[in-house]
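Student: One file: my_file_20.cif (mmCIF, C-alpha atoms and all ligand atoms).
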data_data
loop_
_atom_site.group_PDB
_atom_site.id
_atom_site.type_symbol
_atom_site.label_atom_id
_atom_site.label_comp_id
_atom_site.auth_asym_id
_atom_site.auth_seq_id
_atom_site.Cartn_x
_atom_site.Cartn_y
_atom_site.Cartn_z
ATOM 1 C CA MET A 190 16.241 10.750 -15.155
ATOM 2 C CA ALA A 191 14.321 10.308 -11.911
ATOM 3 C CA SER A 192 10.579 9.829 -11.906
ATOM 4 C CA PRO A 193 8.843 13.118 -11.101
ATOM 5 C CA THR A 194 6.037 11.388 -9.181
ATOM 6 C CA ARG A 195 6.426 10.261 -5.601
ATOM 7 C CA SER A 196 6.969 6.502 -5.320
ATOM 8 C CA PRO A 197 4.119 4.487 -3.806
ATOM 9 C CA ALA A 198 4.949 2.255 -0.846
ATOM 10 C CA ALA A 199 5.750 -1.358 -1.703
ATOM 11 C CA PRO A 200 2.917 -3.787 -0.783
ATOM 12 C CA THR A 201 3.769 -5.540 2.495
ATOM 13 C CA GLU A 202 4.202 -9.062 1.107
ATOM 14 C CA ILE A 203 6.480 -7.841 -1.670
ATOM 15 C CA ALA A 204 8.448 -5.673 0.753
ATOM 16 C CA ASP A 205 8.943 -8.696 3.057
ATOM 17 C CA LEU A 206 10.182 -10.841 0.170
ATOM 18 C CA ALA A 207 12.623 -8.146 -0.938
ATOM 19 C CA ARG A 208 13.911 -7.573 2.608
ATOM 20 C CA SER A 209 14.684 -11.246 3.204
ATOM 21 C CA ALA A 210 16.019 -12.114 -0.266
ATOM 22 C CA ARG A 211 19.742 -12.807 -0.459
ATOM 23 C CA ARG A 212 19.771 -13.724 -4.122
ATOM 24 C CA VAL A 213 17.571 -11.749 -6.470
ATOM 25 C CA VAL A 214 17.152 -12.198 -10.214
ATOM 26 C CA VAL A 215 15.570 -9.377 -12.192
ATOM 27 C CA LEU A 216 14.249 -10.015 -15.702
ATOM 28 C CA THR A 217 13.814 -6.721 -17.521
ATOM 29 C CA GLY A 218 12.073 -5.755 -20.754
ATOM 30 C CA ALA A 219 11.432 -2.598 -22.741
ATOM 31 C CA GLY A 220 9.214 -1.096 -19.999
ATOM 32 C CA MET A 221 12.336 -0.844 -17.819
ATOM 33 C CA SER A 222 13.671 1.839 -20.162
ATOM 34 C CA ALA A 223 10.324 3.530 -20.940
ATOM 35 C CA GLU A 224 10.867 6.227 -18.306
ATOM 36 C CA SER A 225 14.251 6.939 -19.888
ATOM 37 C CA GLY A 226 12.300 7.997 -22.969
ATOM 38 C CA LEU A 227 12.815 4.834 -25.031
ATOM 39 C CA PRO A 228 9.568 3.626 -26.613
ATOM 40 C CA THR A 229 8.627 0.045 -25.796
ATOM 41 C CA PHE A 230 8.684 -2.515 -28.543
ATOM 42 C CA ARG A 231 4.971 -2.827 -29.072
ATOM 43 C CA GLU A 232 3.890 0.806 -28.923
ATOM 44 C CA ALA A 233 3.547 2.973 -32.029
ATOM 45 C CA GLN A 234 6.811 4.217 -33.446
ATOM 46 C CA GLN A 235 7.520 7.869 -34.090
ATOM 47 C CA GLY A 236 8.072 10.014 -37.142
ATOM 48 C CA LEU A 237 8.853 8.298 -40.394
ATOM 49 C CA TRP A 238 8.997 4.927 -38.624
ATOM 50 C CA ALA A 239 5.335 5.192 -37.587
ATOM 51 C CA LYS A 240 4.269 3.329 -40.714
ATOM 52 C CA TYR A 241 6.547 0.369 -39.963
ATOM 53 C CA ASP A 242 5.778 -2.482 -37.580
ATOM 54 C CA PRO A 243 8.992 -3.267 -35.640
ATOM 55 C CA MET A 244 8.217 -6.976 -36.026
ATOM 56 C CA THR A 245 8.668 -6.654 -39.776
ATOM 57 C CA LEU A 246 12.029 -4.899 -39.407
ATOM 58 C CA ALA A 247 13.658 -7.098 -36.769
ATOM 59 C CA SER A 248 14.385 -10.212 -38.795
ATOM 60 C CA PRO A 249 17.132 -11.660 -40.992
ATOM 61 C CA ASP A 250 14.659 -11.796 -43.891
ATOM 62 C CA ALA A 251 13.941 -8.067 -43.559
ATOM 63 C CA PHE A 252 17.665 -7.313 -43.493
ATOM 64 C CA ARG A 253 18.284 -9.464 -46.549
ATOM 65 C CA ALA A 254 15.429 -7.799 -48.439
ATOM 66 C CA GLU A 255 15.954 -4.175 -47.338
ATOM 67 C CA PRO A 256 19.308 -3.774 -45.592
ATOM 68 C CA ASP A 257 19.283 0.020 -45.992
ATOM 69 C CA VAL A 258 15.887 0.362 -44.307
ATOM 70 C CA VAL A 259 16.689 -1.967 -41.410
ATOM 71 C CA TRP A 260 20.100 -0.332 -40.850
ATOM 72 C CA ALA A 261 18.518 3.170 -40.928
ATOM 73 C CA TRP A 262 15.957 2.052 -38.337
ATOM 74 C CA TYR A 263 18.690 0.738 -36.037
ATOM 75 C CA ALA A 264 20.733 3.927 -36.548
ATOM 76 C CA TRP A 265 17.740 5.866 -35.239
ATOM 77 C CA ARG A 266 17.206 3.493 -32.293
ATOM 78 C CA ARG A 267 20.897 3.657 -31.522
ATOM 79 C CA GLU A 268 20.787 7.452 -31.419
ATOM 80 C CA MET A 269 17.771 7.417 -29.081
ATOM 81 C CA ILE A 270 19.605 5.038 -26.748
ATOM 82 C CA GLN A 271 22.724 7.173 -26.839
ATOM 83 C CA GLN A 272 20.728 10.224 -25.787
ATOM 84 C CA ALA A 273 18.757 8.398 -23.082
ATOM 85 C CA ARG A 274 19.866 8.285 -19.446
ATOM 86 C CA PRO A 275 19.276 5.526 -16.874
ATOM 87 C CA ASN A 276 16.100 6.203 -14.893
ATOM 88 C CA ALA A 277 15.443 5.858 -11.163
ATOM 89 C CA GLY A 278 14.587 2.172 -11.663
ATOM 90 C CA HIS A 279 17.953 1.347 -13.259
ATOM 91 C CA LEU A 280 19.724 3.264 -10.489
ATOM 92 C CA ALA A 281 17.743 1.455 -7.789
ATOM 93 C CA LEU A 282 18.822 -1.954 -9.134
ATOM 94 C CA ALA A 283 22.467 -0.858 -9.055
ATOM 95 C CA ARG A 284 21.990 0.273 -5.439
ATOM 96 C CA TRP A 285 20.322 -3.020 -4.495
ATOM 97 C CA ALA A 286 23.424 -4.902 -5.701
ATOM 98 C CA GLU A 287 25.354 -3.245 -2.873
ATOM 99 C CA LEU A 288 22.931 -4.802 -0.367
ATOM 100 C CA ALA A 289 22.295 -8.293 -1.824
ATOM 101 C CA GLU A 290 23.267 -10.453 -4.760
ATOM 102 C CA VAL A 291 21.298 -9.015 -7.672
ATOM 103 C CA GLU A 292 21.551 -10.637 -11.088
ATOM 104 C CA ILE A 293 20.098 -8.829 -14.060
ATOM 105 C CA VAL A 294 18.787 -10.708 -17.053
ATOM 106 C CA THR A 295 17.621 -8.328 -19.742
ATOM 107 C CA GLN A 296 15.838 -8.517 -23.058
ATOM 108 C CA ASN A 297 16.842 -4.939 -23.752
ATOM 109 C CA VAL A 298 19.511 -4.163 -26.299
ATOM 110 C CA ASP A 299 20.290 -0.798 -24.694
ATOM 111 C CA ASP A 300 23.093 -0.341 -22.161
ATOM 112 C CA LEU A 301 21.171 1.586 -19.507
ATOM 113 C CA HIS A 302 21.688 -1.032 -16.771
ATOM 114 C CA GLU A 303 25.445 -0.857 -17.285
ATOM 115 C CA ARG A 304 25.402 2.926 -17.395
ATOM 116 C CA ALA A 305 23.512 2.928 -14.085
ATOM 117 C CA GLY A 306 26.384 0.914 -12.588
ATOM 118 C CA SER A 307 24.938 -2.626 -12.761
ATOM 119 C CA GLU A 308 26.616 -5.704 -14.095
ATOM 120 C CA VAL A 309 24.334 -7.589 -16.466
ATOM 121 C CA LEU A 310 24.378 -11.367 -16.088
ATOM 122 C CA ALA A 311 22.665 -12.099 -19.395
ATOM 123 C CA GLN A 312 21.727 -9.914 -22.328
ATOM 124 C CA LEU A 313 19.276 -12.336 -23.905
ATOM 125 C CA HIS A 314 18.540 -10.374 -27.068
ATOM 126 C CA GLY A 315 22.058 -9.073 -27.697
ATOM 127 C CA SER A 316 23.299 -5.504 -27.804
ATOM 128 C CA ILE A 317 22.737 -2.746 -30.316
ATOM 129 C CA ARG A 318 26.369 -1.686 -29.963
ATOM 130 C CA ALA A 319 27.937 -5.059 -30.796
ATOM 131 C CA LEU A 320 28.108 -4.961 -34.588
ATOM 132 C CA ARG A 321 29.084 -7.896 -36.740
ATOM 133 C CA CYS A 322 29.107 -9.085 -40.340
ATOM 134 C CA PHE A 323 25.821 -10.595 -41.535
ATOM 135 C CA ASP A 324 27.733 -13.121 -43.686
ATOM 136 C CA CYS A 325 30.886 -14.115 -41.805
ATOM 137 C CA ALA A 326 29.867 -12.967 -38.251
ATOM 138 C CA ARG A 327 33.195 -11.222 -37.652
ATOM 139 C CA PRO A 328 32.823 -8.387 -35.090
ATOM 140 C CA TYR A 329 32.956 -4.943 -36.678
ATOM 141 C CA THR A 330 34.702 -2.175 -34.742
ATOM 142 C CA ASP A 331 35.644 0.442 -37.367
ATOM 143 C CA PRO A 332 34.372 3.955 -36.611
ATOM 144 C CA ILE A 333 31.008 4.780 -38.207
ATOM 145 C CA ASP A 334 29.756 8.159 -39.326
ATOM 146 C CA TRP A 335 26.213 7.926 -37.905
ATOM 147 C CA PRO A 336 23.514 10.299 -39.174
ATOM 148 C CA THR A 337 21.626 12.505 -36.745
ATOM 149 C CA GLY A 338 17.829 12.338 -36.760
ATOM 150 C CA GLN A 339 15.773 9.969 -38.840
ATOM 151 C CA VAL A 340 16.693 8.819 -42.319
ATOM 152 C CA GLU A 341 14.671 6.157 -44.084
ATOM 153 C CA ARG A 342 17.548 4.485 -45.905
ATOM 154 C CA LEU A 343 21.161 4.088 -44.925
ATOM 155 C CA PRO A 344 23.532 1.570 -46.466
ATOM 156 C CA PRO A 345 25.201 -0.552 -43.789
ATOM 157 C CA PRO A 346 29.022 -0.528 -43.689
ATOM 158 C CA ARG A 347 30.741 -3.475 -45.403
ATOM 159 C CA CYS A 348 32.851 -6.116 -43.699
ATOM 160 C CA PRO A 349 36.583 -5.524 -44.356
ATOM 161 C CA ALA A 350 37.125 -9.307 -44.497
ATOM 162 C CA CYS A 351 34.339 -10.528 -46.813
ATOM 163 C CA ASP A 352 32.421 -7.424 -47.949
ATOM 164 C CA GLY A 353 29.242 -8.677 -46.263
ATOM 165 C CA ALA A 354 26.782 -6.158 -44.823
ATOM 166 C CA ILE A 355 27.286 -5.130 -41.183
ATOM 167 C CA ARG A 356 24.332 -5.786 -38.857
ATOM 168 C CA PRO A 357 23.505 -4.981 -35.239
ATOM 169 C CA GLY A 358 24.349 -7.714 -32.721
ATOM 170 C CA ILE A 359 20.717 -8.179 -31.825
ATOM 171 C CA VAL A 360 18.735 -11.387 -31.702
ATOM 172 C CA TRP A 361 16.147 -11.080 -34.427
ATOM 173 C CA PHE A 362 12.978 -13.107 -34.885
ATOM 174 C CA ASP A 363 13.806 -16.596 -36.136
ATOM 175 C CA GLU A 364 17.284 -16.431 -34.570
ATOM 176 C CA PRO A 365 18.481 -18.419 -31.549
ATOM 177 C CA LEU A 366 19.360 -16.708 -28.287
ATOM 178 C CA PRO A 367 23.005 -16.639 -27.196
ATOM 179 C CA THR A 368 23.423 -20.044 -25.560
ATOM 180 C CA HIS A 369 25.651 -18.945 -22.668
ATOM 181 C CA ASP A 370 23.424 -16.029 -21.713
ATOM 182 C CA LEU A 371 20.340 -18.221 -21.740
ATOM 183 C CA ALA A 372 22.041 -20.924 -19.666
ATOM 184 C CA ARG A 373 23.232 -18.366 -17.094
ATOM 185 C CA ALA A 374 19.749 -16.840 -16.944
ATOM 186 C CA GLU A 375 18.095 -20.246 -16.417
ATOM 187 C CA ALA A 376 20.522 -21.266 -13.689
ATOM 188 C CA ALA A 377 20.219 -17.942 -11.876
ATOM 189 C CA SER A 378 16.406 -17.964 -12.029
ATOM 190 C CA LEU A 379 16.205 -21.393 -10.431
ATOM 191 C CA ALA A 380 18.760 -20.540 -7.721
ATOM 192 C CA ALA A 381 17.125 -17.239 -6.759
ATOM 193 C CA ASP A 382 15.097 -16.689 -3.621
ATOM 194 C CA LEU A 383 13.233 -13.855 -5.337
ATOM 195 C CA MET A 384 12.656 -13.037 -8.981
ATOM 196 C CA LEU A 385 11.319 -9.738 -10.297
ATOM 197 C CA VAL A 386 9.868 -9.353 -13.781
ATOM 198 C CA VAL A 387 9.991 -5.703 -14.764
ATOM 199 C CA GLY A 388 8.483 -4.085 -17.856
ATOM 200 C CA THR A 389 8.006 -7.042 -20.144
ATOM 201 C CA SER A 390 4.873 -8.083 -21.984
ATOM 202 C CA GLY A 391 5.995 -11.705 -21.663
ATOM 203 C CA LEU A 392 5.177 -12.472 -25.268
ATOM 204 C CA VAL A 393 8.609 -13.505 -26.496
ATOM 205 C CA TYR A 394 10.037 -16.911 -25.618
ATOM 206 C CA PRO A 395 12.285 -18.344 -24.280
ATOM 207 C CA ALA A 396 12.776 -15.200 -22.109
ATOM 208 C CA ALA A 397 9.125 -15.257 -21.018
ATOM 209 C CA GLY A 398 9.491 -18.864 -19.890
ATOM 210 C CA LEU A 399 12.143 -18.046 -17.270
ATOM 211 C CA PRO A 400 9.820 -16.572 -14.612
ATOM 212 C CA VAL A 401 7.186 -19.247 -15.196
ATOM 213 C CA THR A 402 9.706 -22.067 -14.722
ATOM 214 C CA ALA A 403 11.139 -20.330 -11.653
ATOM 215 C CA ARG A 404 7.710 -19.876 -10.129
ATOM 216 C CA TYR A 405 6.723 -23.514 -10.612
ATOM 217 C CA SER A 406 10.075 -24.500 -9.080
ATOM 218 C CA GLY A 407 9.129 -22.652 -5.913
ATOM 219 C CA VAL A 408 10.727 -19.231 -6.435
ATOM 220 C CA PRO A 409 8.464 -16.283 -5.555
ATOM 221 C CA VAL A 410 8.107 -14.132 -8.688
ATOM 222 C CA VAL A 411 6.915 -10.523 -8.556
ATOM 223 C CA GLU A 412 5.725 -8.668 -11.639
ATOM 224 C CA ILE A 413 6.357 -4.917 -11.763
ATOM 225 C CA ASN A 414 4.292 -3.522 -14.599
ATOM 226 C CA PRO A 415 1.542 -0.887 -14.746
ATOM 227 C CA VAL A 416 -0.711 -3.279 -16.669
ATOM 228 C CA GLU A 417 -1.704 -6.943 -16.718
ATOM 229 C CA THR A 418 0.390 -9.132 -19.034
ATOM 230 C CA SER A 419 0.227 -12.656 -20.359
ATOM 231 C CA LEU A 420 2.615 -13.617 -17.540
ATOM 232 C CA SER A 421 0.601 -12.073 -14.690
ATOM 233 C CA GLU A 422 -1.550 -15.077 -13.850
ATOM 234 C CA HIS A 423 1.488 -17.384 -13.700
ATOM 235 C CA LEU A 424 3.425 -15.302 -11.162
ATOM 236 C CA THR A 425 3.063 -15.194 -7.410
ATOM 237 C CA HIS A 426 2.758 -11.408 -6.943
ATOM 238 C CA ARG A 427 1.800 -8.456 -9.117
ATOM 239 C CA TRP A 428 2.517 -4.819 -8.416
ATOM 240 C CA ARG A 429 0.856 -2.335 -10.760
ATOM 241 C CA VAL A 430 3.511 0.355 -10.739
ATOM 242 C CA THR A 431 6.160 1.675 -13.118
ATOM 243 C CA ALA A 432 9.795 0.639 -12.910
ATOM 244 C CA ALA A 433 11.037 4.094 -11.935
ATOM 245 C CA GLN A 434 8.441 4.313 -9.153
ATOM 246 C CA GLY A 435 8.388 0.771 -7.808
ATOM 247 C CA LEU A 436 12.048 -0.189 -7.780
ATOM 248 C CA PRO A 437 13.353 2.787 -5.739
ATOM 249 C CA ALA A 438 10.552 2.214 -3.199
ATOM 250 C CA LEU A 439 11.472 -1.468 -2.930
ATOM 251 C CA VAL A 440 15.187 -0.797 -2.543
ATOM 252 C CA ASP A 441 14.428 1.793 0.155
ATOM 253 C CA VAL A 442 12.727 -1.019 2.050
ATOM 254 C CA VAL A 443 15.743 -3.310 1.602
ATOM 255 C CA ALA A 444 18.071 -0.550 2.759
ATOM 256 C CA GLY A 445 15.924 -0.119 5.841
ATOM 257 C CA GLY A 446 14.876 3.387 4.882
ATOM 258 C CA SER A 447 11.132 2.768 4.987
HETATM 259 P P1 LIG A 501 7.138 -4.930 -24.951
HETATM 260 O O1 LIG A 501 7.140 -3.635 -25.705
HETATM 261 O O2 LIG A 501 6.473 -6.108 -25.554
HETATM 262 O O3 LIG A 501 6.444 -4.735 -23.537
HETATM 263 C C1 LIG A 501 6.764 -3.679 -22.700
HETATM 264 C C2 LIG A 501 6.078 -3.898 -21.376
HETATM 265 O O4 LIG A 501 6.501 -2.853 -20.511
HETATM 266 C C3 LIG A 501 4.553 -3.838 -21.414
HETATM 267 O O5 LIG A 501 4.017 -4.935 -20.668
HETATM 268 C C4 LIG A 501 4.213 -2.517 -20.712
HETATM 269 O O6 LIG A 501 3.001 -2.574 -19.982
HETATM 270 C C5 LIG A 501 5.386 -2.380 -19.777
HETATM 271 N N1 LIG A 501 5.689 -1.000 -19.375
HETATM 272 C C6 LIG A 501 5.507 0.132 -20.086
HETATM 273 N N2 LIG A 501 5.965 1.197 -19.397
HETATM 274 C C7 LIG A 501 6.468 0.709 -18.242
HETATM 275 C C8 LIG A 501 7.107 1.298 -17.114
HETATM 276 N N3 LIG A 501 7.329 2.610 -17.052
HETATM 277 N N4 LIG A 501 7.506 0.502 -16.103
HETATM 278 C C9 LIG A 501 7.290 -0.843 -16.155
HETATM 279 N N5 LIG A 501 6.701 -1.446 -17.190
HETATM 280 C C10 LIG A 501 6.288 -0.702 -18.212
HETATM 281 O O7 LIG A 501 8.653 -5.215 -24.583
HETATM 282 P P2 LIG A 501 9.371 -6.571 -24.192
HETATM 283 O O8 LIG A 501 8.496 -7.412 -23.325
HETATM 284 O O9 LIG A 501 10.724 -6.208 -23.704
HETATM 285 O O10 LIG A 501 12.950 -8.685 -28.914
HETATM 286 O O11 LIG A 501 9.516 -7.269 -25.576
HETATM 287 C C11 LIG A 501 10.192 -8.489 -25.634
HETATM 288 C C12 LIG A 501 10.962 -8.575 -26.905
HETATM 289 O O12 LIG A 501 10.065 -8.389 -27.982
HETATM 290 C C13 LIG A 501 11.987 -7.478 -27.105
HETATM 291 O O13 LIG A 501 13.200 -7.756 -26.463
HETATM 292 C C14 LIG A 501 12.165 -7.509 -28.586
HETATM 293 C C15 LIG A 501 10.746 -7.729 -29.046
HETATM 294 O O14 LIG A 501 10.641 -8.563 -30.105
HETATM 295 C C16 LIG A 501 13.954 -8.573 -29.779
HETATM 296 O O15 LIG A 501 14.333 -7.511 -30.235
HETATM 297 C C17 LIG A 501 14.553 -9.881 -30.106
#
Just give me the structure as structure tokens.

Tutor:
Amino acid sequence: MASPTRSPAAPTEIADLARSARRVVVLTGAGMSAESGLPTFREAQQGLWAKYDPMTLASPDAFRAEPDVVWAWYAWRREMIQQARPNAGHLALARWAELAEVEIVTQNVDDLHERAGSEVLAQLHGSIRALRCFDCARPYTDPIDWPTGQVERLPPPRCPACDGAIRPGIVWFDEPLPTHDLARAEAASLAADLMLVVGTSGLVYPAAGLPVTARYSGVPVVEINPVETSLSEHLTHRWRVTAAQGLPALVDVVAGGS
């Protein structure tokens, strides 16, 4: 889905950085997918999920206590993701990778970068599609009869090996990040000659630490976000624009189009 509004021109300093960068790392958060119609993590939820705070659903304790509620919530999120399409920002990043080395590090559990044609270097918070057993961690690949629309309770499938409940392959609060993804993200951030931070509130660590460490190691770091975040003051450049407006404008500059 392309943004209906005309993209603003990239600020000169940011355009110059993008034009000369050979190795770019892009850290993305929920705002990257907002213009695809996926609500960000910290905005009010819709329908019957409006009364739930996502923070209270996204944890192993919540799953242990109310597996049917947590699974129903993920079934709804999964359906929204399935119906969403990559936006102009996702497509711009895929286009940029044809012009320079572009490494994507995402906190998003959707697959919109991949569907736009990008390879993702690190999926720091896992993937909603990679299911596994809560007890024995075995991947689960049996077909699932998903509901359509919102339901408030849905029993998760059971593991064929140990009868444990099946859970989404997402990093929940109180869980460690996948070690290899985090290591790749750290190495790429330090080796980059430009880092972009797109659509993240910068509240969740260790992901939020990546741009700060990169910046203090001498990498220019540009924030693309319509509002100020807790990261803003630690980065070298800020551009108050949405992902689907800013990224296509920036890639046009890199391609020599404007
Ligand atoms: P948040 O929901 O915390 O923040 C979304 C950010 O996107 C905000 O700073 C918005 O201003 C910005 N934003 C909104 N619309 C935008 C747009 N069109 N273009 C660009 N930016 C826009 O999401 P995250 O920072 O991704 O973790 O949240 C980090 C983690 O917190 C998530 O990965 C999730 C949650 O706990 C797990 O699930 C483990």

Student: Show me, as JSON, the centre and edge lengths in Å to one decimal of the axis-aligned box that covers every listed atom of stretch 207-225 of chain A with 4 Å on each side.

Tutor:
{"center_x": 14.5, "center_y": -3.4, "center_z": -9.8, "size_x": 18.6, "size_y": 28.7, "size_z": 33.9}

Student: As JSON, numbers by chain, please: every protein or nucleic acid residue near ligand LIG 501 (chain A) (cut-off 9 Å, counting only C-alpha atoms and all ligand atoms).

Tutor: {"A": [217, 218, 219, 220, 221, 222, 223, 224, 225, 228, 229, 230, 231, 232, 243, 244, 247, 248, 278, 295, 296, 297, 298, 313, 314, 315, 359, 360, 361, 362, 364, 366, 387, 388, 389, 390, 391, 392, 393, 394, 396, 397, 413, 414, 415, 416, 417, 418, 419, 429, 430, 431, 432, 433, 434, 435]}

Student: Using the chain letters and numbers from this file, what does the PyMOL selection byres (((chain A and resi 279-289) around 7) and not hetatm) select? Give the answer as a list in words.

Tutor: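 This file gives the following for the PyMOL selection byres (((chain A and resi 279-289) around 7) and not hetatm): Arg211, Arg212, Pro275, Asn276, Ala277, Gly278, Glu290, Val291, His302, Ala305, Gly306, Ser307, Leu436, Pro437 and Val440 of chain A.
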
Student: Take the residues just selected and output them with C-alpha atoms as a PDB file, in the coordinates of the input.

Tutor:
ATOM      1  CA  ARG A 211      19.742 -12.807  -0.459  1.00  0.00           C
ATOM      2  CA  ARG A 212      19.771 -13.724  -4.122  1.00  0.00           C
ATOM      3  CA  PRO A 275      19.276   5.526 -16.874  1.00  0.00           C
ATOM      4  CA  ASN A 276      16.100   6.203 -14.893  1.00  0.00           C
ATOM      5  CA  ALA A 277      15.443   5.858 -11.163  1.00  0.00           C
ATOM      6  CA  GLY A 278      14.587   2.172 -11.663  1.00  0.00           C
ATOM      7  CA  GLU A 290      23.267 -10.453  -4.760  1.00  0.00           C
ATOM      8  CA  VAL A 291      21.298  -9.015  -7.672  1.00  0.00           C
ATOM      9  CA  HIS A 302      21.688  -1.032 -16.771  1.00  0.00           C
ATOM     10  CA  ALA A 305      23.512   2.928 -14.085  1.00  0.00           C
ATOM     11  CA  GLY A 306      26.384   0.914 -12.588  1.00  0.00           C
ATOM     12  CA  SER A 307      24.938  -2.626 -12.761  1.00  0.00           C
ATOM     13  CA  LEU A 436      12.048  -0.189  -7.780  1.00  0.00           C
ATOM     14  CA  PRO A 437      13.353   2.787  -5.739  1.00  0.00           C
ATOM     15  CA  VAL A 440      15.187  -0.797  -2.543  1.00  0.00           C
TER      16      VAL A 440
END

Student: Could you tell me how far atom CA of A:Trp428 lies from atom CA of A:Leu379, in Å and to one decimal?

Tutor: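 That distance, rounded to one decimal, is 21.6 Å.
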
Student: Which one is closest to A:Ala251: A:Glu412, A:Asp363, A:Ile293, A:Ser406? Count only C-alpha atoms.

Tutor: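 Closest to A:Ala251, using only C-alpha atoms: A:Asp363.
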
Student: I need the residue set behind the PyMOL selection byres (((chain A and resi 352-354) around 6) and not hetatm) for this file; please write it as a list of chain:residue names.

Tutor: A:Cys322, A:Phe323, A:Asp324, A:Pro345, A:Arg347, A:Cys348, A:Pro349, A:Cys351, A:Ile355

Student: Since we have the selection now, will you write its residues out, keeping C-alpha atoms, as an mmCIF file, in the coordinates of the input?

Tutor:
data_model
loop_
_atom_site.group_PDB
_atom_site.id
_atom_site.type_symbol
_atom_site.label_atom_id
_atom_site.label_comp_id
_atom_site.auth_asym_id
_atom_site.auth_seq_id
_atom_site.Cartn_x
_atom_site.Cartn_y
_atom_site.Cartn_z
ATOM 1 C CA CYS A 322 29.107 -9.085 -40.340
ATOM 2 C CA PHE A 323 25.821 -10.595 -41.535
ATOM 3 C CA ASP A 324 27.733 -13.121 -43.686
ATOM 4 C CA PRO A 345 25.201 -0.552 -43.789
ATOM 5 C CA ARG A 347 30.741 -3.475 -45.403
ATOM 6 C CA CYS A 348 32.851 -6.116 -43.699
ATOM 7 C CA PRO A 349 36.583 -5.524 -44.356
ATOM 8 C CA CYS A 351 34.339 -10.528 -46.813
ATOM 9 C CA ILE A 355 27.286 -5.130 -41.183
#

Student: Name the residues in contact with A:Arg208 at a cut-off of 10 Å, using all atoms listed in the file, excluding same-chain residues fewer than 2 positions from it; report them as a PDB file with C-alpha atoms, keeping the file's coordinate frame.

Tutor:
ATOM      1  CA  GLU A 202       4.202  -9.062   1.107  1.00  0.00           C
ATOM      2  CA  ILE A 203       6.480  -7.841  -1.670  1.00  0.00           C
ATOM      3  CA  ALA A 204       8.448  -5.673   0.753  1.00  0.00           C
ATOM      4  CA  ASP A 205       8.943  -8.696   3.057  1.00  0.00           C
ATOM      5  CA  LEU A 206      10.182 -10.841   0.170  1.00  0.00           C
ATOM      6  CA  ALA A 210      16.019 -12.114  -0.266  1.00  0.00           C
ATOM      7  CA  ARG A 211      19.742 -12.807  -0.459  1.00  0.00           C
ATOM      8  CA  LEU A 288      22.931  -4.802  -0.367  1.00  0.00           C
ATOM      9  CA  ALA A 289      22.295  -8.293  -1.824  1.00  0.00           C
ATOM     10  CA  LEU A 439      11.472  -1.468  -2.930  1.00  0.00           C
ATOM     11  CA  VAL A 440      15.187  -0.797  -2.543  1.00  0.00           C
ATOM     12  CA  ASP A 441      14.428   1.793   0.155  1.00  0.00           C
ATOM     13  CA  VAL A 442      12.727  -1.019   2.050  1.00  0.00           C
ATOM     14  CA  VAL A 443      15.743  -3.310   1.602  1.00  0.00           C
ATOM     15  CA  ALA A 444      18.071  -0.550   2.759  1.00  0.00           C
ATOM     16  CA  GLY A 445      15.924  -0.119   5.841  1.00  0.00           C
TER      17      GLY A 445
END

Student: Quick one: distance from atom CA of A:Val408 to atom CA of A:Asp382 in Å, one decimal?

Tutor: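 Separation between atom CA of A:Val408 and atom CA of A:Asp382: 5.8 Å.
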
Student: Between A:Glu341, A:Ala311, A:Val213, A:Ile270, which residue has the minimum interatomic distance to A:Thr368, considering all atoms listed in the file?

Tutor: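 Once distances to A:Thr368 are computed over all atoms listed in the file, the minimum belongs to A:Ala311.
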
Student: Which polymer residues, whether protein, DNA or RNA, lie within 7 Å of the coordinate (27.2, 4.9, -41.4) when you count all atoms listed in the file? List them as a list in words, using the chain letters and numbers from the file.

Tutor: Ile333, Asp334, Trp335, Pro336, Pro345 and Pro346 of chain A

Student: Atom CA of A:Asp299 and atom CA of A:Arg267, how far apart in Å?

Tutor: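 That distance, rounded to one decimal, is 8.2 Å.
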
Student: Taking all atoms listed in the file into account, name the residue in A:Gly358, A:Gly226, A:Gly407, A:Pro197 that is nearest to A:Gln312.

Tutor: A:Gly358

Student: Considering all atoms listed in the file, return as a PyMOL selection string whatever protein or nucleic-acid residues lie within 7 Å of A:Ser378, sequence-local ones (same chain, fewer than 5 positions apart) excluded.

Tutor: chain A and resi 214+384+399+403

Student: Where does the PyMOL selection byres (((chain A and resi 259) around 10) and not hetatm) land in this file, that is, which residues does it pick, as an MDAnalysis selection string?

Tutor: chainID A and resid 243 245:249 251:258 260:264 341:345 356:357

Student: Skip A:Arg404 itself and residues of its chain fewer than 5 positions away, then list as a tab-separated table (two decimals) with C-alpha atoms, in the coordinates of the input all residues within 8 Å of it, counting only C-alpha atoms.

Tutor:
chain	number	residue	atom	x	y	z
A	409	PRO	CA	8.46	-16.28	-5.56
A	410	VAL	CA	8.11	-14.13	-8.69
A	423	HIS	CA	1.49	-17.38	-13.70
A	424	LEU	CA	3.42	-15.30	-11.16
A	425	THR	CA	3.06	-15.19	-7.41
